[in-house]
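Colleague: Mind looking over this structure? Questions follow.
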Amino acid sequence: MSGVNVNTKTISLPTEVASKIISKVQEDSAVMAMAQYMDLPGLGATIPVITSDPEAEWVSETGLKKVSRPGLATKVMQAYTLAVIVPFSNQFKNNVPALYNAIVERLPKALAQKFDSTVFHGTAPGSNFDTFASCTAQAFGSDPYAALVAADADIAAHNGITDGFVIAPQGKSKLLSATDSTGRPLFINSVAEGAIPMILGSKTMQSKAAYKNDTTDILGVAGDWTQAIYGIAQNLTLSISDQATLVDGEQTINLWQQNMFAVRAEIEVGFVADTACFNLLSE
């Protein structure tokens with residue numbers, strides 16, 4: 001994804017820094033790491049979705065061969081704008097490495113966290129953006145292993161194959177405390193490792209965005225990630241100003257008056273999935 005646009009006003013920001021930011025957005029996003037990627041046209045795209053596979057049949061030597069057509073449907077992926085503005089003190093101007101490091105560290109995480117939390121359990125920015133908020137939920141309760149197996153079975157019942165789990169830190173602690181009848185931990189080989197690299201033979205990632213503090217907490221998601229696609233219509237755009245007035249809730253920040261400047265980052269991104277092939281993991 002080249003061609004990152006940088007619009008600078010009073011501060012020079014190298015294009016390579018902007019390129020590094022978009023790369024880190026993808027690294028910091030569990031959804032982007034798990035799902036399939038496509039270049040998304042600015043006006044969106046209609047994506048064919050296979051709802052059923054063709055079936056073969058045994059036939060005799062001169063018998064008629066079976067004709068079978070796959071079931072097809074379509075989904076529309078539309079780009080929505082995700083943006084954040086981060087203010088900085090002017091002291092960063094005199095310390096260029098610190099400025100670049102601060103930008104590269106802060107902006108990707110903010111964009112990635114919001115994108116992920118929206119996909120996992122948030123409110124979609126529009127009708128053509130899918131989320132897992134209404135997916136079937138499996139409760140860990142006192143038996144997290146049974147919940148994981150139930151999620152795997154439900155996904156299989158919807159013609160999916162579970163190939164990835166995203167677990168919130170709060171969910172990780174639940175899994176680490178799960179033991180078998182002899183008291184042996186189910187999800188780690190040793191206490192020294194303290195990690196959960198795979199669940200039921202599938203890739204596992206940790207993400208703070210997977211957690212939702214609710215009446216029943218959401219602790220993660222399981223799914224067939226081949227049935228999830230994200231697309232980027234416009235690469236990251238950066239704009240830097242020391243003249244604007246920012247409205248932050250009830251607080252107003254006058255950048256020029258307060259010796260500050262701000263960096264605005266925005267990206268146009270879309271997401272679609274066969275949500276029947278995903279399960280939420282709850283408390």
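So you can find residues: chains in the structure tokens are A, B, ... in the order shown, residues in each start at 1, and ligands are numbered from 1 in order.
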Show me, as a PDB file with N, CA and C atoms, in the first residue's frame, the residues that have an atom within 12 Å of region 118-125 of chain A when counting only C-alpha atoms, minus same-chain residues fewer than 6 positions from it.
Modeller:
ATOM      1  N   SER A  29      -3.460  -4.211  14.464  1.00  0.00           N
ATOM      2  CA  SER A  29      -4.849  -4.648  14.348  1.00  0.00           C
ATOM      3  C   SER A  29      -4.924  -6.158  14.255  1.00  0.00           C
ATOM      4  N   ALA A  30      -5.602  -6.781  15.214  1.00  0.00           N
ATOM      5  CA  ALA A  30      -5.788  -8.231  15.178  1.00  0.00           C
ATOM      6  C   ALA A  30      -6.688  -8.628  14.010  1.00  0.00           C
ATOM      7  N   VAL A  31      -7.699  -7.805  13.730  1.00  0.00           N
ATOM      8  CA  VAL A  31      -8.604  -8.108  12.622  1.00  0.00           C
ATOM      9  C   VAL A  31      -7.846  -8.100  11.303  1.00  0.00           C
ATOM     10  N   MET A  32      -7.030  -7.084  11.086  1.00  0.00           N
ATOM     11  CA  MET A  32      -6.269  -7.005   9.841  1.00  0.00           C
ATOM     12  C   MET A  32      -5.257  -8.134   9.727  1.00  0.00           C
ATOM     13  N   ALA A  35      -7.817 -11.356   9.018  1.00  0.00           N
ATOM     14  CA  ALA A  35      -8.719 -11.354   7.861  1.00  0.00           C
ATOM     15  C   ALA A  35      -7.950 -11.260   6.544  1.00  0.00           C
ATOM     16  N   GLN A  78     -18.068  -1.146   1.624  1.00  0.00           N
ATOM     17  CA  GLN A  78     -17.988   0.299   1.449  1.00  0.00           C
ATOM     18  C   GLN A  78     -16.916   0.863   2.357  1.00  0.00           C
ATOM     19  N   ALA A  79     -16.233   1.893   1.878  1.00  0.00           N
ATOM     20  CA  ALA A  79     -15.192   2.525   2.683  1.00  0.00           C
ATOM     21  C   ALA A  79     -15.788   3.564   3.620  1.00  0.00           C
ATOM     22  N   TYR A  80     -15.342   3.542   4.867  1.00  0.00           N
ATOM     23  CA  TYR A  80     -15.739   4.534   5.861  1.00  0.00           C
ATOM     24  C   TYR A  80     -14.479   5.175   6.430  1.00  0.00           C
ATOM     25  N   THR A  81     -14.590   6.437   6.790  1.00  0.00           N
ATOM     26  CA  THR A  81     -13.418   7.175   7.260  1.00  0.00           C
ATOM     27  C   THR A  81     -13.206   6.984   8.757  1.00  0.00           C
ATOM     28  N   LEU A  82     -12.004   6.579   9.110  1.00  0.00           N
ATOM     29  CA  LEU A  82     -11.584   6.425  10.500  1.00  0.00           C
ATOM     30  C   LEU A  82     -10.485   7.453  10.749  1.00  0.00           C
ATOM     31  N   LEU A 111      -5.859   4.041  15.682  1.00  0.00           N
ATOM     32  CA  LEU A 111      -6.657   3.615  14.528  1.00  0.00           C
ATOM     33  C   LEU A 111      -6.966   2.121  14.590  1.00  0.00           C
ATOM     34  N   ALA A 112      -5.962   1.318  14.911  1.00  0.00           N
ATOM     35  CA  ALA A 112      -6.145  -0.135  14.953  1.00  0.00           C
ATOM     36  C   ALA A 112      -7.117  -0.548  16.047  1.00  0.00           C
ATOM     37  N   THR A 131     -20.113  -6.314  11.627  1.00  0.00           N
ATOM     38  CA  THR A 131     -19.507  -6.478  12.948  1.00  0.00           C
ATOM     39  C   THR A 131     -19.950  -7.826  13.524  1.00  0.00           C
ATOM     40  N   PHE A 132     -19.265  -8.240  14.595  1.00  0.00           N
ATOM     41  CA  PHE A 132     -19.600  -9.502  15.267  1.00  0.00           C
ATOM     42  C   PHE A 132     -20.504  -9.279  16.483  1.00  0.00           C
ATOM     43  N   ALA A 133     -21.031  -8.076  16.633  1.00  0.00           N
ATOM     44  CA  ALA A 133     -21.781  -7.728  17.838  1.00  0.00           C
ATOM     45  C   ALA A 133     -22.970  -8.640  18.096  1.00  0.00           C
ATOM     46  N   SER A 134     -23.588  -9.163  17.033  1.00  0.00           N
ATOM     47  CA  SER A 134     -24.777 -10.008  17.194  1.00  0.00           C
ATOM     48  C   SER A 134     -24.486 -11.488  16.977  1.00  0.00           C
ATOM     49  N   CYS A 135     -23.222 -11.848  16.938  1.00  0.00           N
ATOM     50  CA  CYS A 135     -22.858 -13.251  16.728  1.00  0.00           C
ATOM     51  C   CYS A 135     -23.228 -14.098  17.952  1.00  0.00           C
ATOM     52  N   THR A 136     -23.371 -15.392  17.728  1.00  0.00           N
ATOM     53  CA  THR A 136     -23.614 -16.332  18.824  1.00  0.00           C
ATOM     54  C   THR A 136     -22.502 -16.219  19.860  1.00  0.00           C
ATOM     55  N   ALA A 137     -22.871 -16.185  21.125  1.00  0.00           N
ATOM     56  CA  ALA A 137     -21.885 -16.070  22.207  1.00  0.00           C
ATOM     57  C   ALA A 137     -21.806 -17.370  22.995  1.00  0.00           C
ATOM     58  N   PHE A 165      -8.380 -17.428  16.811  1.00  0.00           N
ATOM     59  CA  PHE A 165      -9.006 -16.870  18.008  1.00  0.00           C
ATOM     60  C   PHE A 165      -8.326 -15.547  18.335  1.00  0.00           C
ATOM     61  N   VAL A 166      -9.117 -14.562  18.737  1.00  0.00           N
ATOM     62  CA  VAL A 166      -8.569 -13.318  19.281  1.00  0.00           C
ATOM     63  C   VAL A 166      -9.084 -13.212  20.711  1.00  0.00           C
ATOM     64  N   ILE A 167      -8.154 -13.161  21.652  1.00  0.00           N
ATOM     65  CA  ILE A 167      -8.489 -13.203  23.069  1.00  0.00           C
ATOM     66  C   ILE A 167      -8.065 -11.910  23.754  1.00  0.00           C
ATOM     67  N   ALA A 168      -8.972 -11.327  24.537  1.00  0.00           N
ATOM     68  CA  ALA A 168      -8.637 -10.153  25.338  1.00  0.00           C
ATOM     69  C   ALA A 168      -7.784 -10.584  26.536  1.00  0.00           C
ATOM     70  N   SER A 207      -5.621  -9.174  22.055  1.00  0.00           N
ATOM     71  CA  SER A 207      -5.959  -7.799  21.703  1.00  0.00           C
ATOM     72  C   SER A 207      -6.816  -7.185  22.794  1.00  0.00           C
ATOM     73  N   LYS A 208      -6.440  -5.996  23.250  1.00  0.00           N
ATOM     74  CA  LYS A 208      -7.259  -5.282  24.231  1.00  0.00           C
ATOM     75  C   LYS A 208      -8.618  -4.928  23.646  1.00  0.00           C
ATOM     76  N   ALA A 209      -8.657  -4.723  22.317  1.00  0.00           N
ATOM     77  CA  ALA A 209      -9.901  -4.315  21.664  1.00  0.00           C
ATOM     78  C   ALA A 209     -10.956  -5.405  21.695  1.00  0.00           C
ATOM     79  N   ALA A 210     -10.550  -6.640  21.966  1.00  0.00           N
ATOM     80  CA  ALA A 210     -11.519  -7.740  21.993  1.00  0.00           C
ATOM     81  C   ALA A 210     -12.379  -7.709  23.249  1.00  0.00           C
ATOM     82  N   TYR A 211     -11.980  -6.926  24.234  1.00  0.00           N
ATOM     83  CA  TYR A 211     -12.716  -6.891  25.506  1.00  0.00           C
ATOM     84  C   TYR A 211     -13.824  -5.857  25.480  1.00  0.00           C
ATOM     85  N   LYS A 212     -14.973  -6.236  26.003  1.00  0.00           N
ATOM     86  CA  LYS A 212     -16.069  -5.289  26.204  1.00  0.00           C
ATOM     87  C   LYS A 212     -16.630  -5.486  27.606  1.00  0.00           C
ATOM     88  N   ASN A 213     -16.585  -4.412  28.380  1.00  0.00           N
ATOM     89  CA  ASN A 213     -17.105  -4.438  29.741  1.00  0.00           C
ATOM     90  C   ASN A 213     -18.611  -4.212  29.669  1.00  0.00           C
ATOM     91  N   ASP A 214     -19.371  -5.261  29.883  1.00  0.00           N
ATOM     92  CA  ASP A 214     -20.818  -5.192  29.718  1.00  0.00           C
ATOM     93  C   ASP A 214     -21.473  -6.007  30.826  1.00  0.00           C
ATOM     94  N   ASP A 217     -19.455  -9.722  30.148  1.00  0.00           N
ATOM     95  CA  ASP A 217     -18.245  -9.262  29.475  1.00  0.00           C
ATOM     96  C   ASP A 217     -17.937 -10.102  28.240  1.00  0.00           C
ATOM     97  N   ILE A 218     -17.468  -9.416  27.170  1.00  0.00           N
ATOM     98  CA  ILE A 218     -16.967 -10.106  25.990  1.00  0.00           C
ATOM     99  C   ILE A 218     -15.456 -10.263  26.151  1.00  0.00           C
ATOM    100  N   LEU A 219     -14.973 -11.494  26.014  1.00  0.00           N
ATOM    101  CA  LEU A 219     -13.560 -11.793  26.276  1.00  0.00           C
ATOM    102  C   LEU A 219     -12.781 -12.180  25.024  1.00  0.00           C
ATOM    103  N   GLY A 220     -13.461 -12.321  23.886  1.00  0.00           N
ATOM    104  CA  GLY A 220     -12.749 -12.691  22.681  1.00  0.00           C
ATOM    105  C   GLY A 220     -13.692 -13.113  21.575  1.00  0.00           C
ATOM    106  N   VAL A 221     -13.109 -13.595  20.493  1.00  0.00           N
ATOM    107  CA  VAL A 221     -13.896 -14.048  19.342  1.00  0.00           C
ATOM    108  C   VAL A 221     -13.179 -15.216  18.677  1.00  0.00           C
ATOM    109  N   ALA A 222     -13.971 -16.151  18.165  1.00  0.00           N
ATOM    110  CA  ALA A 222     -13.440 -17.285  17.404  1.00  0.00           C
ATOM    111  C   ALA A 222     -14.100 -17.264  16.042  1.00  0.00           C
ATOM    112  N   GLY A 223     -13.379 -17.727  15.014  1.00  0.00           N
ATOM    113  CA  GLY A 223     -14.027 -17.705  13.720  1.00  0.00           C
ATOM    114  C   GLY A 223     -13.225 -18.315  12.587  1.00  0.00           C
ATOM    115  N   ALA A 228     -13.711 -13.452   6.227  1.00  0.00           N
ATOM    116  CA  ALA A 228     -13.682 -12.037   6.623  1.00  0.00           C
ATOM    117  C   ALA A 228     -12.700 -11.289   5.731  1.00  0.00           C
ATOM    118  N   ILE A 229     -13.114 -10.141   5.238  1.00  0.00           N
ATOM    119  CA  ILE A 229     -12.282  -9.355   4.322  1.00  0.00           C
ATOM    120  C   ILE A 229     -12.293  -7.894   4.757  1.00  0.00           C
ATOM    121  N   TYR A 230     -11.111  -7.283   4.804  1.00  0.00           N
ATOM    122  CA  TYR A 230     -11.057  -5.838   5.001  1.00  0.00           C
ATOM    123  C   TYR A 230     -10.411  -5.208   3.776  1.00  0.00           C
ATOM    124  N   GLU A 268      -9.480   5.416   4.961  1.00  0.00           N
ATOM    125  CA  GLU A 268     -10.781   4.939   4.506  1.00  0.00           C
ATOM    126  C   GLU A 268     -10.719   3.418   4.411  1.00  0.00           C
ATOM    127  N   VAL A 269     -11.519   2.746   5.224  1.00  0.00           N
ATOM    128  CA  VAL A 269     -11.412   1.291   5.357  1.00  0.00           C
ATOM    129  C   VAL A 269     -12.798   0.665   5.431  1.00  0.00           C
ATOM    130  N   GLY A 270     -12.923  -0.556   4.957  1.00  0.00           N
ATOM    131  CA  GLY A 270     -14.180  -1.286   5.010  1.00  0.00           C
ATOM    132  C   GLY A 270     -13.971  -2.698   5.519  1.00  0.00           C
ATOM    133  N   PHE A 271     -15.059  -3.343   5.943  1.00  0.00           N
ATOM    134  CA  PHE A 271     -14.970  -4.708   6.467  1.00  0.00           C
ATOM    135  C   PHE A 271     -16.274  -5.438   6.206  1.00  0.00           C
ATOM    136  N   VAL A 272     -16.174  -6.649   5.662  1.00  0.00           N
ATOM    137  CA  VAL A 272     -17.346  -7.516   5.490  1.00  0.00           C
ATOM    138  C   VAL A 272     -16.963  -8.930   5.906  1.00  0.00           C
ATOM    139  N   ALA A 273     -17.954  -9.689   6.359  1.00  0.00           N
ATOM    140  CA  ALA A 273     -17.701 -11.061   6.805  1.00  0.00           C
ATOM    141  C   ALA A 273     -18.991 -11.861   6.763  1.00  0.00           C
ATOM    142  N   THR A 275     -20.809 -13.428   9.097  1.00  0.00           N
ATOM    143  CA  THR A 275     -20.789 -13.386  10.562  1.00  0.00           C
ATOM    144  C   THR A 275     -21.295 -14.679  11.201  1.00  0.00           C
ATOM    145  N   PHE A 278     -18.622 -16.880  12.898  1.00  0.00           N
ATOM    146  CA  PHE A 278     -17.882 -16.326  14.032  1.00  0.00           C
ATOM    147  C   PHE A 278     -18.716 -16.471  15.293  1.00  0.00           C
ATOM    148  N   ASN A 279     -18.045 -16.664  16.407  1.00  0.00           N
ATOM    149  CA  ASN A 279     -18.685 -16.720  17.725  1.00  0.00           C
ATOM    150  C   ASN A 279     -17.967 -15.781  18.682  1.00  0.00           C
ATOM    151  N   LEU A 280     -18.725 -15.080  19.489  1.00  0.00           N
ATOM    152  CA  LEU A 280     -18.134 -14.326  20.585  1.00  0.00           C
ATOM    153  C   LEU A 280     -17.859 -15.254  21.751  1.00  0.00           C
ATOM    154  N   LEU A 281     -16.867 -14.920  22.541  1.00  0.00           N
ATOM    155  CA  LEU A 281     -16.529 -15.665  23.750  1.00  0.00           C
ATOM    156  C   LEU A 281     -16.796 -14.741  24.922  1.00  0.00           C
ATOM    157  N   SER A 282     -17.716 -15.126  25.800  1.00  0.00           N
ATOM    158  CA  SER A 282     -18.126 -14.245  26.877  1.00  0.00           C
ATOM    159  C   SER A 282     -17.707 -14.806  28.237  1.00  0.00           C
TER     160      SER A 282
END
Colleague: Find the residues around Val263 (chain A) up to 6 Å (only C-alpha atoms counted), leave out those fewer than 2 positions away in its own chain, and share them as a VMD selection string.
Modeller: chain A and resid 85 to 86 239 to 240
Colleague: Could you write out that same residue set with N, CA and C atoms as a PDB file, in the first residue's frame?
Modeller:
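What ended up in again.pdb:
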ATOM      1  N   ILE A  85      -7.078  12.804  15.859  1.00  0.00           N
ATOM      2  CA  ILE A  85      -6.187  13.967  15.954  1.00  0.00           C
ATOM      3  C   ILE A  85      -5.427  13.871  17.272  1.00  0.00           C
ATOM      4  N   VAL A  86      -4.110  13.981  17.198  1.00  0.00           N
ATOM      5  CA  VAL A  86      -3.275  13.894  18.398  1.00  0.00           C
ATOM      6  C   VAL A  86      -2.501  15.199  18.556  1.00  0.00           C
ATOM      7  N   SER A 239      -2.183  15.165   8.196  1.00  0.00           N
ATOM      8  CA  SER A 239      -2.202  16.620   8.094  1.00  0.00           C
ATOM      9  C   SER A 239      -1.702  17.183   9.414  1.00  0.00           C
ATOM     10  N   ILE A 240      -0.803  18.164   9.339  1.00  0.00           N
ATOM     11  CA  ILE A 240      -0.196  18.726  10.538  1.00  0.00           C
ATOM     12  C   ILE A 240      -0.439  20.237  10.570  1.00  0.00           C
TER      13      ILE A 240
END
Colleague: Could you check the closest approach to Ile267 (chain A) for each of A:Ala178, A:Ser202, A:Pro108, A:Met34 and tell me which residue wins, using only C-alpha atoms?
Modeller: A:Pro108
Colleague: Which residues, written as a PyMOL selection string, have at least one atom at most 10 Å from Ala262 (chain A), with only C-alpha atoms counted and residues fewer than 3 positions away on the same chain left out?
Modeller: chain A and resi 85-90+239-246+255+265
Colleague: Smallest atom-to-atom distance to Ala110 (chain A): which of A:Gln26, A:Thr226, A:Gln91, A:Asn159, using only C-alpha atoms?
Modeller: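 So, comparing all the options, the nearest one is A:Gln26.
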Colleague: Mind giving me the straight-line distance from CA of Gly160 (chain A) to CA of Asp224 (chain A) in Å, one decimal?
Modeller: 5.7 Å
Colleague: Give me, please, the distance in Å between CA of Met198 (chain A) and CA of Tyr145 (chain A), quoted to one decimal.
Modeller: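 Rounded to one decimal, the two atoms are 12.9 Å apart.
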Colleague: Quick one: everything within 12 Å of Glu105 (chain A), counting only C-alpha atoms, minus sequence neighbours fewer than 2 positions away in the same chain. Send it as a list in words.
Modeller: Val17, Ala18, Lys20, Ile21, Ile22, Ser23, Lys24, Val25, Glu27, Asp28, Val86, Ala98, Leu99, Tyr100, Asn101, Ala102, Ile103, Leu107, Pro108, Lys109, Ala110, Leu111 and Ala112 of chain A
Colleague: How would the residues just chosen look if you wrote them out with N, CA and C atoms as an mmCIF file, in the first residue's frame?
Modeller:
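What follows is the written file out_37.cif:
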data_model
loop_
_atom_site.group_PDB
_atom_site.id
_atom_site.type_symbol
_atom_site.label_atom_id
_atom_site.label_comp_id
_atom_site.auth_asym_id
_atom_site.auth_seq_id
_atom_site.Cartn_x
_atom_site.Cartn_y
_atom_site.Cartn_z
ATOM 1 N N VAL A 17 7.908 8.028 7.120
ATOM 2 C CA VAL A 17 7.291 7.935 8.437
ATOM 3 C C VAL A 17 5.824 7.581 8.304
ATOM 4 N N ALA A 18 5.148 8.223 7.350
ATOM 5 C CA ALA A 18 3.742 7.911 7.109
ATOM 6 C C ALA A 18 3.566 6.465 6.657
ATOM 7 N N LYS A 20 5.452 3.999 7.458
ATOM 8 C CA LYS A 20 5.662 3.161 8.635
ATOM 9 C C LYS A 20 4.414 3.128 9.504
ATOM 10 N N ILE A 21 3.705 4.254 9.562
ATOM 11 C CA ILE A 21 2.487 4.310 10.374
ATOM 12 C C ILE A 21 1.442 3.345 9.846
ATOM 13 N N ILE A 22 1.186 3.347 8.526
ATOM 14 C CA ILE A 22 0.151 2.459 7.984
ATOM 15 C C ILE A 22 0.552 1.002 8.156
ATOM 16 N N SER A 23 1.837 0.709 8.072
ATOM 17 C CA SER A 23 2.290 -0.666 8.308
ATOM 18 C C SER A 23 2.022 -1.070 9.747
ATOM 19 N N LYS A 24 2.225 -0.144 10.674
ATOM 20 C CA LYS A 24 1.997 -0.457 12.079
ATOM 21 C C LYS A 24 0.514 -0.558 12.412
ATOM 22 N N VAL A 25 -0.340 0.149 11.659
ATOM 23 C CA VAL A 25 -1.785 -0.026 11.857
ATOM 24 C C VAL A 25 -2.147 -1.483 11.609
ATOM 25 N N GLU A 27 -0.136 -4.055 11.713
ATOM 26 C CA GLU A 27 0.496 -4.902 12.720
ATOM 27 C C GLU A 27 -0.279 -4.865 14.035
ATOM 28 N N ASP A 28 -0.779 -3.697 14.400
ATOM 29 C CA ASP A 28 -1.460 -3.534 15.687
ATOM 30 C C ASP A 28 -2.902 -4.017 15.653
ATOM 31 N N VAL A 86 -4.110 13.981 17.198
ATOM 32 C CA VAL A 86 -3.275 13.894 18.398
ATOM 33 C C VAL A 86 -2.501 15.199 18.556
ATOM 34 N N ALA A 98 12.119 12.267 18.667
ATOM 35 C CA ALA A 98 11.044 12.043 19.632
ATOM 36 C C ALA A 98 9.688 12.266 18.986
ATOM 37 N N LEU A 99 9.584 13.281 18.117
ATOM 38 C CA LEU A 99 8.331 13.549 17.412
ATOM 39 C C LEU A 99 7.939 12.366 16.545
ATOM 40 N N TYR A 100 8.883 11.914 15.743
ATOM 41 C CA TYR A 100 8.577 10.795 14.847
ATOM 42 C C TYR A 100 8.174 9.553 15.630
ATOM 43 N N ASN A 101 8.913 9.267 16.706
ATOM 44 C CA ASN A 101 8.601 8.081 17.515
ATOM 45 C C ASN A 101 7.222 8.197 18.145
ATOM 46 N N ALA A 102 6.886 9.390 18.633
ATOM 47 C CA ALA A 102 5.585 9.588 19.256
ATOM 48 C C ALA A 102 4.460 9.379 18.254
ATOM 49 N N ILE A 103 4.640 9.919 17.038
ATOM 50 C CA ILE A 103 3.623 9.768 15.999
ATOM 51 C C ILE A 103 3.463 8.308 15.613
ATOM 52 N N LEU A 107 -0.428 6.975 16.782
ATOM 53 C CA LEU A 107 -1.474 6.967 15.766
ATOM 54 C C LEU A 107 -1.894 5.573 15.311
ATOM 55 N N PRO A 108 -0.959 4.672 14.999
ATOM 56 C CA PRO A 108 -1.389 3.345 14.548
ATOM 57 C C PRO A 108 -2.237 2.618 15.587
ATOM 58 N N LYS A 109 -1.852 2.714 16.854
ATOM 59 C CA LYS A 109 -2.601 2.017 17.902
ATOM 60 C C LYS A 109 -4.012 2.573 18.028
ATOM 61 N N ALA A 110 -4.134 3.896 17.926
ATOM 62 C CA ALA A 110 -5.460 4.499 18.032
ATOM 63 C C ALA A 110 -6.369 4.041 16.899
ATOM 64 N N LEU A 111 -5.859 4.041 15.682
ATOM 65 C CA LEU A 111 -6.657 3.615 14.528
ATOM 66 C C LEU A 111 -6.966 2.121 14.590
ATOM 67 N N ALA A 112 -5.962 1.318 14.911
ATOM 68 C CA ALA A 112 -6.145 -0.135 14.953
ATOM 69 C C ALA A 112 -7.117 -0.548 16.047
#
Colleague: In Å, with one decimal, what is the gap from CA of Phe140 (chain A) to CA of Thr162 (chain A)?
Modeller: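 Between CA of Phe140 (chain A) and CA of Thr162 (chain A) the gap is 17.3 Å.
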Colleague: I'd like to know which residues of region 113-191 of chain A are strand (DSSP E) (by DSSP, run on the backbone); could you write them as a PyMOL selection string?
Modeller: chain A and resi 136-139+164-167
Colleague: Running DSSP on the backbone, which parts of region 17-249 of chain A land in alpha helix (DSSP H), as a PyMOL selection string?
Modeller: chain A and resi 17-28+30-34+96-121+144-157+169-176
